[in-house]
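The file protein35.pdb comes next; it holds PDB, C-alpha atoms (C1' of nucleotides).
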ATOM      1  CA  MET A  10     -26.546  20.820  -6.240
ATOM      2  CA  GLU A  11     -25.995  24.188  -7.865
ATOM      3  CA  ALA A  12     -29.072  25.914  -9.151
ATOM      4  CA  GLY A  13     -29.611  26.058 -12.861
ATOM      5  CA  ILE A  14     -26.835  23.671 -13.826
ATOM      6  CA  GLU A  15     -27.804  20.083 -14.674
ATOM      7  CA  VAL A  16     -25.225  17.512 -13.725
ATOM      8  CA  LYS A  17     -25.429  14.542 -16.038
ATOM      9  CA  CYS A  18     -23.184  11.509 -16.432
ATOM     10  CA  SER A  19     -21.034  12.030 -19.510
ATOM     11  CA  ASP A  20     -21.016   8.300 -20.125
ATOM     12  CA  CYS A  21     -24.573   7.035 -19.722
ATOM     13  CA  GLY A  22     -26.454  10.334 -19.470
ATOM     14  CA  SER A  23     -27.970   9.467 -16.105
ATOM     15  CA  ARG A  24     -28.902  12.302 -13.745
ATOM     16  CA  ASN A  25     -28.511  10.036 -10.777
ATOM     17  CA  ILE A  26     -25.290  11.612  -9.481
ATOM     18  CA  ASP A  27     -23.811  10.978  -6.080
ATOM     19  CA  GLU A  28     -21.887  13.704  -4.310
ATOM     20  CA  ASP A  29     -19.302  12.594  -1.818
ATOM     21  CA  SER A  30     -17.987  15.589   0.022
ATOM     22  CA  ILE A  31     -15.553  13.519   2.067
ATOM     23  CA  ARG A  32     -13.785  12.023  -0.919
ATOM     24  CA  GLY A  33     -14.444  15.120  -3.013
ATOM     25  CA  GLU A  34     -15.827  12.916  -5.746
ATOM     26  CA  ARG A  35     -18.910  13.195  -7.892
ATOM     27  CA  SER A  36     -19.893   9.888  -9.423
ATOM     28  CA  CYS A  37     -22.684   8.326 -11.449
ATOM     29  CA  MET A  38     -24.920   6.018  -9.410
ATOM     30  CA  ASP A  39     -25.898   4.071 -12.510
ATOM     31  CA  CYS A  40     -22.634   3.307 -14.267
ATOM     32  CA  GLY A  41     -20.125   4.137 -11.518
ATOM     33  CA  LEU A  42     -18.160   6.657 -13.585
ATOM     34  CA  VAL A  43     -16.305   9.192 -11.464
ATOM     35  CA  LEU A  44     -17.264  12.491 -13.060
ATOM     36  CA  SER A  45     -15.093  14.876 -11.119
ATOM     37  CA  GLU A  46     -12.833  14.940  -8.149
ATOM     38  CA  ASN A  47     -12.140  17.875  -5.854
ATOM     39  CA  HIS A  48     -15.130  19.847  -6.989
ATOM     40  CA  ILE A  49     -15.929  22.925  -4.987
ATOM     41  CA  ASP A  50     -19.019  22.456  -2.868
ATOM     42  CA  PRO A  51     -21.424  24.933  -4.452
ATOM     43  CA  GLY A  52     -24.000  24.817  -1.688
ATOM     44  CA  GLN A  53     -24.702  27.485   0.861
ATOM     45  CA  GLU A  54     -22.483  26.944   3.810
ATOM     46  CA  TRP A  55     -24.281  28.573   6.672
ATOM     47  CA  SER A  56     -27.363  27.444   8.439
ATOM     48  CA  GLU A  57     -30.853  28.828   7.967
ATOM     49  CA  PHE A  58     -31.976  30.998  10.825
ATOM     50  CA  GLY A  59     -35.553  31.836  11.492
ATOM     51  CA  VAL A  60     -36.913  35.391  11.355
ATOM     52  CA  GLU A  61     -36.783  35.599  15.125
ATOM     53  CA  ASP A  62     -33.139  34.634  15.142
ATOM     54  CA  GLN A  63     -31.619  36.968  12.566
ATOM     55  CA  SER A  64     -28.898  37.954  14.987
ATOM     56  CA  LYS A  65     -27.090  34.713  14.331
ATOM     57  CA  ALA A  66     -27.001  35.225  10.573
ATOM     58  CA  ARG A  67     -23.540  35.881   9.295
ATOM     59  CA  ALA A  68     -22.459  38.136   6.484
ATOM     60  CA  GLY A  69     -19.495  37.314   4.307
ATOM     61  CA  PRO A  70     -18.095  33.886   3.646
ATOM     62  CA  PRO A  71     -18.353  31.269   6.423
ATOM     63  CA  ALA A  72     -15.437  30.918   8.784
ATOM     64  CA  SER A  73     -13.258  27.995   7.835
ATOM     65  CA  VAL A  74     -10.545  26.165   9.695
ATOM     66  CA  LEU A  75      -8.696  26.208   6.378
ATOM     67  CA  TRP A  76      -7.730  29.846   6.845
ATOM     68  CA  HIS A  77      -5.047  30.412   9.411
ATOM     69  CA  ASP A  78      -7.043  33.295  10.967
ATOM     70  CA  LYS A  79     -10.383  31.671  10.106
ATOM     71  CA  GLY A  80     -10.985  34.575   7.695
ATOM     72  CA  LEU A  81     -11.805  36.994  10.448
ATOM     73  CA  SER A  82      -9.058  39.615  10.243
ATOM     74  CA  THR A  83      -9.462  43.010   8.639
ATOM     75  CA  GLU A  84      -8.097  44.296   5.363
ATOM     76  CA  ILE A  85      -6.611  47.722   4.715
ATOM     77  CA  ASP A  86      -6.081  47.863   0.994
ATOM     78  CA  TRP A  87      -3.238  49.589  -0.795
ATOM     79  CA  MET A  88      -5.476  52.053  -2.566
ATOM     80  CA  ASN A  89      -6.128  53.899   0.706
ATOM     81  CA  ARG A  90      -9.873  53.427   0.404
ATOM     82  CA  ASP A  91     -12.321  52.087   2.932
ATOM     83  CA  PHE A  92     -14.853  49.308   2.385
ATOM     84  CA  SER A  93     -17.265  51.614   0.541
ATOM     85  CA  GLY A  94     -14.558  52.978  -1.737
ATOM     86  CA  LYS A  95     -14.187  56.346  -0.048
ATOM     87  CA  ARG A  96     -10.703  57.669   0.508
ATOM     88  CA  ILE A  97      -9.470  57.043   4.015
ATOM     89  CA  ALA A  98      -8.625  60.337   5.687
ATOM     90  CA  GLY A  99      -5.147  60.715   7.120
ATOM     91  CA  ASN A 100      -1.660  61.216   5.876
ATOM     92  CA  ARG A 101       0.651  58.645   4.331
ATOM     93  CA  SER A 102       2.620  57.896   7.459
ATOM     94  CA  GLN A 103      -0.531  57.273   9.485
ATOM     95  CA  LEU A 104      -1.788  54.785   6.916
ATOM     96  CA  TYR A 105       1.604  53.150   6.785
ATOM     97  CA  ARG A 106       1.483  52.667  10.566
ATOM     98  CA  MET A 107      -2.045  51.277  10.344
ATOM     99  CA  ARG A 108      -1.005  48.745   7.773
ATOM    100  CA  LYS A 109       2.056  47.764   9.762
ATOM    101  CA  TRP A 110      -0.012  47.023  12.837
ATOM    102  CA  GLN A 111      -2.655  45.311  10.814
ATOM    103  CA  ARG A 112       0.002  43.072   9.281
ATOM    104  CA  ARG A 113       1.394  42.286  12.707
ATOM    105  CA  ALA A 114      -2.028  41.639  14.175
ATOM    106  CA  ARG A 115      -2.950  39.385  11.311
ATOM    107  CA  THR A 116      -0.184  36.861  11.832
ATOM    108  CA  HIS A 117       0.473  37.846  15.378
ATOM    109  CA  SER A 118       1.595  34.585  16.875
ATOM    110  CA  THR A 119       4.095  31.986  15.811
ATOM    111  CA  ILE A 120       1.228  29.525  15.827
ATOM    112  CA  ASP A 121      -0.611  31.511  13.182
ATOM    113  CA  ARG A 122       2.484  31.967  11.081
ATOM    114  CA  ASN A 123       3.179  28.255  11.228
ATOM    115  CA  MET A 124      -0.458  27.456  10.520
ATOM    116  CA  GLU A 125      -0.392  29.632   7.426
ATOM    117  CA  LYS A 126       2.497  27.664   5.962
ATOM    118  CA  ALA A 127       0.998  24.346   6.983
ATOM    119  CA  LEU A 128      -2.335  25.100   5.352
ATOM    120  CA  MET A 129      -0.655  25.757   2.026
ATOM    121  CA  GLU A 130       0.840  22.286   2.219
ATOM    122  CA  VAL A 131      -2.518  20.816   3.304
ATOM    123  CA  THR A 132      -4.154  22.273   0.229
ATOM    124  CA  ARG A 133      -1.407  21.094  -2.093
ATOM    125  CA  LEU A 134      -1.244  17.577  -0.711
ATOM    126  CA  ALA A 135      -5.016  17.107  -0.629
ATOM    127  CA  GLY A 136      -5.056  18.264  -4.232
ATOM    128  CA  VAL A 137      -2.564  15.715  -5.543
ATOM    129  CA  LEU A 138      -4.116  12.938  -3.476
ATOM    130  CA  GLY A 139      -7.621  13.736  -4.707
ATOM    131  CA  LEU A 140      -9.019  14.350  -1.239
ATOM    132  CA  GLY A 141     -11.975  16.570  -0.495
ATOM    133  CA  LYS A 142     -12.750  19.450   1.797
ATOM    134  CA  ALA A 143     -13.785  17.301   4.745
ATOM    135  CA  VAL A 144     -10.355  15.648   4.898
ATOM    136  CA  LYS A 145      -8.616  19.004   4.548
ATOM    137  CA  GLU A 146     -10.601  20.403   7.455
ATOM    138  CA  GLU A 147      -9.999  17.360   9.618
ATOM    139  CA  THR A 148      -6.290  17.611   8.819
ATOM    140  CA  ALA A 149      -6.274  21.277   9.756
ATOM    141  CA  VAL A 150      -7.967  20.548  13.077
ATOM    142  CA  ILE A 151      -5.513  17.766  13.916
ATOM    143  CA  TYR A 152      -2.526  19.865  12.857
ATOM    144  CA  ARG A 153      -3.620  22.863  14.913
ATOM    145  CA  LYS A 154      -4.010  20.715  18.018
ATOM    146  CA  ALA A 155      -0.601  19.168  17.432
ATOM    147  CA  LEU A 156       0.853  22.627  16.998
ATOM    148  CA  GLU A 157      -0.718  23.900  20.199
ATOM    149  CA  LEU A 158       0.666  20.895  22.064
ATOM    150  CA  ASN A 159       4.115  21.850  20.861
ATOM    151  CA  MET A 160       4.593  18.736  18.770
ATOM    152  CA  VAL A 161       5.831  20.428  15.616
ATOM    153  CA  LYS A 162       9.076  21.584  17.175
ATOM    154  CA  GLY A 163      11.830  19.322  15.951
ATOM    155  CA  ARG A 164       9.782  18.056  13.041
ATOM    156  CA  SER A 165       9.224  19.684   9.689
ATOM    157  CA  ILE A 166       5.887  21.233   8.837
ATOM    158  CA  ASP A 167       5.644  18.945   5.820
ATOM    159  CA  THR A 168       6.130  15.875   7.991
ATOM    160  CA  MET A 169       3.465  16.942  10.446
ATOM    161  CA  VAL A 170       1.019  17.849   7.690
ATOM    162  CA  ALA A 171       1.525  14.475   6.012
ATOM    163  CA  ALA A 172       1.076  12.652   9.317
ATOM    164  CA  SER A 173      -2.001  14.724  10.224
ATOM    165  CA  MET A 174      -3.570  14.067   6.848
ATOM    166  CA  TYR A 175      -2.781  10.369   7.048
ATOM    167  CA  LEU A 176      -4.566  10.294  10.389
ATOM    168  CA  ALA A 177      -7.493  12.355   9.064
ATOM    169  CA  ASN A 178      -7.732   9.813   6.260
ATOM    170  CA  GLN A 179      -7.985   6.951   8.674
ATOM    171  CA  LYS A 180     -10.592   8.746  10.740
ATOM    172  CA  LEU A 181     -12.740   9.530   7.727
ATOM    173  CA  LYS A 182     -12.062   6.220   5.993
ATOM    174  CA  THR A 183     -10.865   7.723   2.749
ATOM    175  CA  ALA A 184      -8.373   4.944   2.029
ATOM    176  CA  ARG A 185      -5.080   6.465   0.960
ATOM    177  CA  SER A 186      -2.016   4.390   1.666
ATOM    178  CA  LEU A 187       1.305   5.443   3.088
ATOM    179  CA  ASP A 188       2.710   4.835  -0.389
ATOM    180  CA  ASP A 189       0.445   7.554  -1.760
ATOM    181  CA  PHE A 190       1.801  10.001   0.813
ATOM    182  CA  GLU A 191       5.382   8.999   0.202
ATOM    183  CA  LYS A 192       4.976   9.506  -3.528
ATOM    184  CA  HIS A 193       3.691  13.057  -3.220
ATOM    185  CA  THR A 194       5.815  14.530  -0.441
ATOM    186  CA  ARG A 195       9.502  14.944   0.171
ATOM    187  CA  VAL A 196       9.026  13.396   3.560
ATOM    188  CA  GLN A 197      10.405   9.963   4.274
ATOM    189  CA  ARG A 198       7.960   7.217   5.098
ATOM    190  CA  LYS A 199       9.572   6.604   8.465
ATOM    191  CA  ALA A 200       9.201  10.233   9.490
ATOM    192  CA  ILE A 201       5.512  10.170   8.572
ATOM    193  CA  THR A 202       4.802   7.004  10.556
ATOM    194  CA  ARG A 203       6.772   8.237  13.555
ATOM    195  CA  ALA A 204       4.942  11.566  13.644
ATOM    196  CA  HIS A 205       1.642   9.822  12.999
ATOM    197  CA  LYS A 206       2.220   7.576  15.994
ATOM    198  CA  VAL A 207       3.062  10.529  18.258
ATOM    199  CA  ILE A 208       0.022  12.559  17.207
ATOM    200  CA  LYS A 209      -2.256   9.577  17.611
ATOM    201  CA  ALA A 210      -0.969   8.968  21.126
ATOM    202  CA  LYS A 211      -0.953  12.593  22.313
ATOM    203  CA  LEU A 212      -4.342  13.507  20.889
ATOM    204  CA  LYS A 213      -5.723  10.148  22.006
ATOM    205  CA  VAL A 214      -7.206   9.465  18.589
ATOM    206  CA  ARG A 215      -8.499   5.965  18.080
ATOM    207  CA  VAL A 216      -8.724   4.785  14.507
ATOM    208  CA  SER A 217     -10.061   1.475  13.370
ATOM    209  CA  VAL A 218      -8.068  -0.830  11.133
ATOM    210  CA  PRO A 219      -9.024  -0.145   7.521
ATOM    211  CA  GLU A 220     -11.533  -2.596   6.097
ATOM    212  CA  PRO A 221     -11.249  -4.028   2.570
ATOM    213  CA  GLU A 222     -14.644  -2.520   1.688
ATOM    214  CA  GLU A 223     -13.160   0.959   1.920
ATOM    215  CA  TYR A 224     -11.050   0.312  -1.174
ATOM    216  CA  VAL A 225     -13.685  -1.296  -3.371
ATOM    217  CA  SER A 226     -15.295   1.736  -4.996
ATOM    218  CA  ARG A 227     -11.944   3.306  -5.808
ATOM    219  CA  TYR A 228     -10.525   0.119  -7.310
ATOM    220  CA  CYS A 229     -13.647  -0.531  -9.364
ATOM    221  CA  SER A 230     -13.693   3.031 -10.584
ATOM    222  CA  LEU A 231     -10.027   2.840 -11.619
ATOM    223  CA  LEU A 232     -10.746  -0.417 -13.451
ATOM    224  CA  ASP A 233     -13.842   0.949 -15.165
ATOM    225  CA  LEU A 234     -16.094  -1.540 -13.430
ATOM    226  CA  GLY A 235     -19.755  -0.763 -12.872
ATOM    227  CA  PRO A 236     -21.932  -0.766  -9.755
ATOM    228  CA  GLU A 237     -22.918  -4.433 -10.226
ATOM    229  CA  THR A 238     -19.276  -5.378  -9.755
ATOM    230  CA  VAL A 239     -19.013  -3.085  -6.727
ATOM    231  CA  SER A 240     -21.942  -4.744  -4.998
ATOM    232  CA  LEU A 241     -20.786  -8.213  -6.032
ATOM    233  CA  THR A 242     -17.355  -7.453  -4.568
ATOM    234  CA  ASN A 243     -18.923  -6.291  -1.315
ATOM    235  CA  GLU A 244     -20.995  -9.454  -1.175
ATOM    236  CA  ILE A 245     -17.869 -11.562  -1.659
ATOM    237  CA  LEU A 246     -16.077  -9.633   1.078
ATOM    238  CA  CYS A 247     -18.993 -10.068   3.430
ATOM    239  CA  ASN A 248     -18.932 -13.837   2.930
ATOM    240  CA  ALA A 249     -15.140 -13.925   3.129
ATOM    241  CA  ARG A 250     -15.319 -12.216   6.504
ATOM    242  CA  LYS A 251     -17.737 -14.841   7.792
ATOM    243  CA  LYS A 252     -15.215 -17.523   6.834
ATOM    244  CA  ASP A 253     -12.487 -15.517   8.588
ATOM    245  CA  LEU A 254     -10.485 -14.938   5.400
ATOM    246  CA  THR A 255      -9.857 -11.257   6.093
ATOM    247  CA  HIS A 256      -8.275 -11.325   9.552
ATOM    248  CA  GLY A 257      -4.596 -10.507   9.667
ATOM    249  CA  LYS A 258      -4.422 -10.002   5.918
ATOM    250  CA  SER A 259      -3.708  -6.662   4.341
ATOM    251  CA  PRO A 260      -7.057  -5.071   3.458
ATOM    252  CA  THR A 261      -5.741  -3.878   0.106
ATOM    253  CA  GLY A 262      -4.792  -7.424  -0.874
ATOM    254  CA  VAL A 263      -8.164  -8.837   0.153
ATOM    255  CA  ALA A 264     -10.022  -6.017  -1.601
ATOM    256  CA  ALA A 265      -7.964  -6.410  -4.789
ATOM    257  CA  ALA A 266      -8.577 -10.171  -4.861
ATOM    258  CA  ALA A 267     -12.313  -9.730  -4.280
ATOM    259  CA  VAL A 268     -12.517  -7.177  -7.105
ATOM    260  CA  TYR A 269     -10.601  -9.576  -9.338
ATOM    261  CA  VAL A 270     -12.984 -12.439  -8.556
ATOM    262  CA  ALA A 271     -16.050 -10.218  -9.009
ATOM    263  CA  SER A 272     -14.799  -8.989 -12.375
ATOM    264  CA  ARG A 273     -14.364 -12.609 -13.492
ATOM    265  CA  LEU A 274     -17.782 -13.679 -12.302
ATOM    266  CA  GLY A 275     -19.374 -11.130 -14.586
ATOM    267  CA  ASP A 276     -18.479 -10.484 -18.203
ATOM    268  CA  THR A 277     -16.064  -7.735 -17.215
ATOM    269  CA  ALA A 278     -12.937  -9.824 -16.604
ATOM    270  CA  ARG A 279      -9.791  -7.967 -15.568
ATOM    271  CA  THR A 280      -6.353  -9.580 -15.405
ATOM    272  CA  GLN A 281      -4.393 -10.014 -12.204
ATOM    273  CA  ARG A 282      -1.843  -7.595 -13.670
ATOM    274  CA  GLU A 283      -4.450  -4.862 -14.165
ATOM    275  CA  VAL A 284      -5.825  -5.216 -10.652
ATOM    276  CA  ALA A 285      -2.305  -5.351  -9.225
ATOM    277  CA  ASP A 286      -1.318  -2.138 -11.015
ATOM    278  CA  ILE A 287      -4.176  -0.013  -9.719
ATOM    279  CA  SER A 288      -4.177  -1.437  -6.185
ATOM    280  CA  GLY A 289      -0.453  -1.507  -5.467
ATOM    281  CA  VAL A 290      -0.454  -5.147  -4.372
ATOM    282  CA  THR A 291       1.379  -7.786  -6.349
ATOM    283  CA  GLU A 292      -0.140 -10.415  -8.582
ATOM    284  CA  VAL A 293       1.175 -13.063  -6.211
ATOM    285  CA  THR A 294      -0.786 -11.666  -3.290
ATOM    286  CA  ILE A 295      -3.912 -11.329  -5.414
ATOM    287  CA  ARG A 296      -3.449 -14.977  -6.420
ATOM    288  CA  ASN A 297      -3.005 -16.156  -2.844
ATOM    289  CA  ARG A 298      -6.042 -14.228  -1.597
ATOM    290  CA  TYR A 299      -8.301 -15.102  -4.490
ATOM    291  CA  LYS A 300      -7.445 -18.826  -4.189
ATOM    292  CA  GLU A 301      -8.551 -18.711  -0.554
ATOM    293  CA  ILE A 302     -11.730 -16.805  -1.400
ATOM    294  CA  VAL A 303     -12.705 -19.033  -4.318
ATOM    295  CA  GLY A 304     -11.868 -22.198  -2.379
ATOM    296  CA  GLN A 305     -13.677 -21.295   0.834
ATOM    297  CA  LEU A 306     -16.721 -19.743  -0.786
ATOM    298  CA  GLY A 307     -17.082 -22.501  -3.364
ATOM    299  CA  LEU A 308     -16.953 -20.132  -6.318
ATOM    300  CA  GLU A 309     -16.065 -21.142  -9.869
ATOM    301  CA  ILE A 310     -14.388 -18.547 -12.010
ATOM    302  CA  ASP A 311     -13.621 -18.637 -15.678
ATOM    303  CA  LEU A 312      -9.961 -17.873 -16.379
ATOM    304  CA  SER A 313     -10.160 -17.958 -20.160
TER     305      SER A 313
ATOM    306  C1'  DA B  25       2.153 -14.157 -26.848
ATOM    307  C1'  DA B  26      -0.511 -13.191 -22.885
ATOM    308  C1'  DG B  27      -1.996 -14.548 -18.626
ATOM    309  C1'  DA B  28      -1.800 -17.495 -14.783
ATOM    310  C1'  DC B  29       0.779 -20.379 -11.610
ATOM    311  C1'  DG B  30       3.819 -21.433  -7.763
ATOM    312  C1'  DA B  31       8.463 -21.975  -5.614
ATOM    313  C1'  DA B  32      12.116 -19.644  -3.318
ATOM    314  C1'  DA B  33      14.420 -15.957  -1.305
ATOM    315  C1'  DG B  34      14.213 -11.340   0.504
ATOM    316  C1'  DT B  35      11.889  -7.295   3.018
ATOM    317  C1'  DG B  36       9.576  -4.634   6.550
ATOM    318  C1'  DG B  37       6.258  -4.541  10.357
ATOM    319  C1'  DT B  38       4.537  -6.506  14.700
ATOM    320  C1'  DT B  39       4.883  -8.866  18.941
ATOM    321  C1'  DG B  40       6.648 -10.561  23.086
ATOM    322  C1'  DA B  41      10.543 -11.562  26.056
TER     323       DA B  41
ATOM    324  C1'  DT C  23      16.626  -3.997  22.027
ATOM    325  C1'  DC C  24      16.385  -8.177  19.699
ATOM    326  C1'  DA C  25      14.674 -12.443  17.816
ATOM    327  C1'  DA C  26      10.819 -14.860  15.941
ATOM    328  C1'  DC C  27       7.088 -14.708  13.023
ATOM    329  C1'  DA C  28       3.482 -13.980   9.474
ATOM    330  C1'  DA C  29       2.331 -11.347   5.530
ATOM    331  C1'  DC C  30       3.869  -9.521   1.556
ATOM    332  C1'  DT C  31       7.109  -8.619  -2.459
ATOM    333  C1'  DT C  32      10.337  -9.779  -6.080
ATOM    334  C1'  DT C  33      11.997 -12.768  -9.324
ATOM    335  C1'  DC C  34      11.813 -16.344 -12.409
ATOM    336  C1'  DG C  35      10.855 -20.630 -14.805
ATOM    337  C1'  DT C  36       6.815 -23.273 -16.270
ATOM    338  C1'  DC C  37       2.202 -24.241 -17.827
ATOM    339  C1'  DT C  38      -2.206 -23.171 -20.290
ATOM    340  C1'  DT C  39      -5.080 -20.982 -23.543
TER     341       DT C  39
END
Just give me the structure as structure tokens.
Amino acid sequence: MEAGIEVKCSDCGSRNIDEDSIRGERSCMDCGLVLSENHIDPGQEWSEFGVEDQSKARAGPPASVLWHDKGLSTEIDWMNRDFSGKRIAGNRSQLYRMRKWQRRARTHSTIDRNMEKALMEVTRLAGVLGLGKAVKEETAVIYRKALELNMVKGRSIDTMVAASMYLANQKLKTARSLDDFEKHTRVQRKAITRAHKVIKAKLKVRVSVPEPEEYVSRYCSLLDLGPETVSLTNEILCNARKKDLTHGKSPTGVAAAAVYVASRLGDTARTQREVADISGVTEVTIRNRYKEIVGQLGLEIDLS
DNA sequence: AAGACGAAAGTGGTTGA
DNA sequence: TCAACAACTTTCGTCTT
């Protein structure tokens, strides 16, 4: 947490704030309100080194996979001054040559040039999808490996970035659907899935099938439902799993139905329409799932 | 009038031959 | 590659509150 700045929930005033660097969300632990998304992590980024180990301490910002050259190349500025502000000795043509070589060295390989473009798209896409730094970095790592294995040739950078981010999402369990990706890129769904499949196979990445629980906090937050509903939903899902009601069903549908049931069990009833709208599953599916849940778990819900 | 219900037909993904 | 299949969607008329 940044020094000197109190973070309080704007709704209930609680100081009990949860930071989720993977999702890039900051939310209130008491009322569940999502306070901000995509905040910049204000913490120090490098490790503490003991007095005896000063040699490892780094100056300058930490290296990040989100810069194509990891932030390690040099700068020769256009004012012809060095780092301390003194004029750099030498004539114009010498400085011109220095800059030319510096420019070439900076983006020396096709990989770096490609990476530079890709990272712009990573940043843009993560922004519109509300994904945090951890997902961006994971995406960058996956993309770079794919690039080095020559998998980008024949596919567009945008396609590969979307596929890499979709995979990073699955790895980090930050539930974003293919629909979300399709909505915010110019890439066709089929191209994303095809590339995703190839990357997964070549990089030998194993991802687990998404679980309904992964969607619960997002759905509840979008529906303005508090933490009691979140935990009630998770309880319902846990029992539903024991009765084998989740196998082979789409996790979004199961999650949406469980949230619907939980909202009805409390005094925070939401309609099937509302839950359908925020979850992207239809009312019919919510109905089918919730009937199974209510029937098998012996729950009574008030529809009035 | 809003919300829930359920039947019927259509769609897209997975699986296995 | 193709057919079979289950899950899901769309659409629409009906019922309940």
Exercise for the section: Would you write out, as a PyMOL selection string, every residue that the PyMOL selection byres ((chain A) within 12 of (chain C)) captures in this file? Expected result: chain A and resi 256-262+289-295+297-298+311-313
Return the padded bounding box of range 23-31 of chain C as lines of an AutoDock Vina configuration file: axis-aligned, built from all atoms listed in the file, 3 Å added on each side, with centre and edge lengths in Å to one decimal.
center_x = 9.5
center_y = -9.4
center_z = 9.8
size_x = 20.3
size_y = 16.9
size_z = 30.5
Handout entry: For Ile166 in chain A, the nearest of the candidates A:Asn123, A:Thr132, A:Thr148, A:Gln179, counting all atoms listed in the file
Key =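 Closest residue, counting all atoms listed in the file: A:Asn123.
Within 9 Å of chain A, and using all atoms listed in the file, the residues found on chain B are DG27, DA28, DC29 and DG30 of chain B.
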Handout entry: Straight-line distance linking CA of Ala149 in chain A with CA of Leu128 in chain A, stated in Å to one decimal
Key =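 Atom-to-atom, CA of Ala149 in chain A and CA of Leu128 in chain A are spaced 7.0 Å apart.
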Exercise for the section: Quick one: residues within 7 Å of (-12.6, -14.9, -0.5) (file frame), counting only C-alpha atoms (C1' of nucleotides), please, as a count of residues only. Expected result: 12
Exercise for the section: Name all residues at most 9 Å from Tyr269 in chain A (count all atoms listed in the file; drop same-chain ones fewer than 3 positions away) and give them as a list of chain:residue names. Expected result: A:Thr242, A:Ala264, A:Ala265, A:Ala266, A:Ser272, A:Arg273, A:Leu274, A:Ala278, A:Arg279, A:Thr280, A:Gln281, A:Val284, A:Ile295, A:Tyr299
Save the residues we just selected, C-alpha atoms, as a short mmCIF file (atom, residue, chain, number, x, y, z; two decimals), in the frame of the given file?
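part_14.cif, freshly written:
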data_model
loop_
_atom_site.label_atom_id
_atom_site.label_comp_id
_atom_site.auth_asym_id
_atom_site.auth_seq_id
_atom_site.Cartn_x
_atom_site.Cartn_y
_atom_site.Cartn_z
CA THR A 242 -17.36 -7.45 -4.57
CA ALA A 264 -10.02 -6.02 -1.60
CA ALA A 265 -7.96 -6.41 -4.79
CA ALA A 266 -8.58 -10.17 -4.86
CA SER A 272 -14.80 -8.99 -12.38
CA ARG A 273 -14.36 -12.61 -13.49
CA LEU A 274 -17.78 -13.68 -12.30
CA ALA A 278 -12.94 -9.82 -16.60
CA ARG A 279 -9.79 -7.97 -15.57
CA THR A 280 -6.35 -9.58 -15.40
CA GLN A 281 -4.39 -10.01 -12.20
CA VAL A 284 -5.82 -5.22 -10.65
CA ILE A 295 -3.91 -11.33 -5.41
CA TYR A 299 -8.30 -15.10 -4.49
#
Exercise for the section: Evaluate the PyMOL selection byres ((chain A and resi 175) around 8) on the structure here and hand back the selected residues as a PyMOL selection string. Expected result: chain A and resi 171-174+176-179+185+187+190+205
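Note that the spacing between CA of Asp276 in chain A and CA of Asp253 in chain A amounts to 27.9 Å.
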So which residues touch range 213-230 of chain A within 7 Å, counting only C-alpha atoms (C1' of nucleotides), skipping near sequence neighbours fewer than 2 positions away, as a PDB file with C-alpha atoms, in the frame of the given file?
ATOM      1  CA  GLY A  41     -20.125   4.137 -11.518  1.00  0.00           C
ATOM      2  CA  LEU A  42     -18.160   6.657 -13.585  1.00  0.00           C
ATOM      3  CA  VAL A  43     -16.305   9.192 -11.464  1.00  0.00           C
ATOM      4  CA  GLN A 179      -7.985   6.951   8.674  1.00  0.00           C
ATOM      5  CA  LYS A 180     -10.592   8.746  10.740  1.00  0.00           C
ATOM      6  CA  LYS A 182     -12.062   6.220   5.993  1.00  0.00           C
ATOM      7  CA  ALA A 184      -8.373   4.944   2.029  1.00  0.00           C
ATOM      8  CA  LYS A 209      -2.256   9.577  17.611  1.00  0.00           C
ATOM      9  CA  ALA A 210      -0.969   8.968  21.126  1.00  0.00           C
ATOM     10  CA  LYS A 211      -0.953  12.593  22.313  1.00  0.00           C
ATOM     11  CA  LEU A 232     -10.746  -0.417 -13.451  1.00  0.00           C
ATOM     12  CA  ASP A 233     -13.842   0.949 -15.165  1.00  0.00           C
ATOM     13  CA  LEU A 234     -16.094  -1.540 -13.430  1.00  0.00           C
ATOM     14  CA  VAL A 239     -19.013  -3.085  -6.727  1.00  0.00           C
ATOM     15  CA  ASN A 243     -18.923  -6.291  -1.315  1.00  0.00           C
ATOM     16  CA  PRO A 260      -7.057  -5.071   3.458  1.00  0.00           C
ATOM     17  CA  THR A 261      -5.741  -3.878   0.106  1.00  0.00           C
ATOM     18  CA  VAL A 263      -8.164  -8.837   0.153  1.00  0.00           C
ATOM     19  CA  ALA A 264     -10.022  -6.017  -1.601  1.00  0.00           C
ATOM     20  CA  ILE A 287      -4.176  -0.013  -9.719  1.00  0.00           C
ATOM     21  CA  SER A 288      -4.177  -1.437  -6.185  1.00  0.00           C
TER      22      SER A 288
END
Exercise for the section: Could you check how far CA of Pro236 in chain A sits from CA of Val270 in chain A, in Å to one decimal? Expected result: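 That distance, rounded to one decimal, is 14.8 Å.
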